[in-house]
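**Student:** File name input14.cif; file contents mmCIF, C-alpha atoms; full text below.
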```cif
data_structure
#
loop_
_atom_site.label_atom_id
_atom_site.label_comp_id
_atom_site.auth_asym_id
_atom_site.auth_seq_id
_atom_site.Cartn_x
_atom_site.Cartn_y
_atom_site.Cartn_z
CA MET A 1 0.44 -15.40 -29.81
CA ALA A 2 0.63 -14.98 -26.04
CA LYS A 3 2.50 -17.62 -24.08
CA PRO A 4 0.48 -19.34 -21.34
CA LEU A 5 1.42 -18.25 -17.84
CA LYS A 6 3.30 -20.90 -15.89
CA VAL A 7 2.75 -20.72 -12.14
CA ASP A 8 4.42 -23.56 -10.24
CA GLU A 9 4.50 -24.34 -6.52
CA VAL A 10 7.48 -22.00 -5.99
CA TRP A 11 5.58 -19.01 -7.38
CA LEU A 12 2.44 -19.93 -5.48
CA ALA A 13 4.50 -20.01 -2.27
CA ARG A 14 6.05 -16.60 -3.10
CA ILE A 15 2.63 -15.09 -3.79
CA ALA A 16 1.18 -16.59 -0.61
CA GLY A 17 4.15 -15.26 1.37
CA LEU A 18 3.57 -11.73 0.10
CA LEU A 19 -0.14 -11.93 0.88
CA ASP A 20 0.42 -13.45 4.32
CA ASP A 21 -0.61 -11.11 7.15
CA MET A 22 -1.76 -8.41 4.70
CA GLU A 23 -4.88 -6.81 6.12
CA PHE A 24 -5.33 -3.92 3.66
CA GLY A 25 -3.38 -3.56 0.44
CA SER A 26 -2.67 -4.96 -2.98
CA LEU A 27 -0.27 -7.26 -4.77
CA HIS A 28 0.68 -6.26 -8.32
CA ILE A 29 2.10 -9.08 -10.44
CA VAL A 30 4.00 -8.19 -13.63
CA VAL A 31 4.10 -10.84 -16.36
CA HIS A 32 6.47 -10.71 -19.34
CA GLU A 33 6.31 -13.31 -22.11
CA GLY A 34 4.33 -15.74 -19.98
CA GLN A 35 6.58 -15.51 -16.91
CA ILE A 36 6.22 -13.58 -13.67
CA VAL A 37 9.07 -11.11 -13.60
CA GLN A 38 8.10 -8.76 -10.77
CA MET A 39 5.75 -8.46 -7.81
CA GLU A 40 4.98 -5.26 -5.92
CA ARG A 41 3.28 -5.29 -2.54
CA THR A 42 1.52 -2.17 -1.31
CA GLU A 43 0.25 -2.39 2.23
CA ARG A 44 -1.89 0.04 4.16
CA LYS A 45 -2.02 0.26 7.91
CA ARG A 46 -5.21 1.53 9.51
CA PHE A 47 -5.38 2.74 13.08
CA GLU A 48 -8.45 3.48 15.15
CA ASN A 49 -8.62 6.89 16.80
CA SER A 50 -8.27 6.93 20.54
CA THR A 51 -9.99 9.55 22.72
CA ALA A 52 -6.75 11.54 23.02
CA ASN A 53 -6.25 11.56 19.25
CA ALA A 54 -9.85 12.64 18.64
CA ARG A 55 -9.44 15.52 21.11
CA HIS A 56 -6.13 16.55 19.54
CA SER A 57 -7.50 16.49 15.98
CA GLY A 58 -10.49 18.55 17.12
CA GLU A 59 -8.17 21.23 18.46
CA THR A 60 -6.14 21.46 15.27
CA GLY A 61 -9.33 21.57 13.22
CA HIS A 62 -10.07 25.04 14.60
CA ARG A 63 -6.71 26.51 13.69
CA ARG A 64 -6.31 28.52 10.53
CA THR A 65 -3.73 27.21 8.10
CA ASP A 66 -1.86 29.88 6.15
CA THR A 67 -0.58 28.50 2.85
CA ARG A 68 1.11 31.72 1.75
CA SER A 69 4.90 31.85 1.52
CA ALA A 70 6.58 33.24 4.65
CA GLY A 71 9.07 35.28 2.61
CA ARG A 72 6.51 37.40 0.80
CA GLY A 73 5.73 40.87 2.03
#
```
As structure tokens, please, write out the structure in this file.

**Tutor:**
Amino acid sequence: MAKPLKVDEVWLARIAGLLDDMEFGSLHIVVHEGQIVQMERTERKRFENSTANARHSGETGHRRTDTRSAGRG
């Protein structure tokens, strides 16, 4: 039978601390025998394109990318 998960104020504070200031991402909580044993935070940063970046990406979009190995002949 599975043990009930015990989450006290300490764990709630740890979870809240990992979620604090996270704008995009996830928090993965690993539970073993009814106890939290590991937490993994994955955070994504999103940036808006500026006019210079949009111009630069437009230029590179017209270039041909050669995926062949340079050593082949």

**Student:** Given the choices A:Ile15, A:Val7, A:Ala2, A:Met22, which gets closest to Lys45 (chain A) if the distance is worked out from all atoms listed in the file?

**Tutor:**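 Nearest to Lys45 (chain A): A:Met22.
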
**Student:** For Lys3 (chain A), which of A:Gln38, A:Val31, A:Gly17, A:Gly25 is the closest residue, counting only C-alpha atoms?

**Tutor:**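 Of all the options, A:Val31 lies closest to Lys3 (chain A).
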
**Student:** When the PyMOL selection byres ((chain A and resi 23) around 10) is applied to the structure above, which residues does it catch, written out as a ChimeraX atom specification?

**Tutor:** /A:19-22,24-26,43-46

**Student:** Between CA of Leu5 (chain A) and CA of Ile36 (chain A), what is the distance in Å, rounded to a tenth?

**Tutor:** 7.9 Å

**Student:** Which value, in Å to one decimal, gives the distance between CA of Pro4 (chain A) and CA of Thr42 (chain A)?

**Tutor:**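 Interatomic distance here is 26.4 Å.
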
**Student:** One decimal, in Å: what's the spacing between CA of Leu18 (chain A) and CA of Asn49 (chain A)?

**Tutor:** 27.8 Å

**Student:** Write out as a ChimeraX atom specification which residues come within 7 Å of Leu27 (chain A) when counting only C-alpha atoms, dropping same-chain ones fewer than 3 positions away.

**Tutor:** /A:39-42
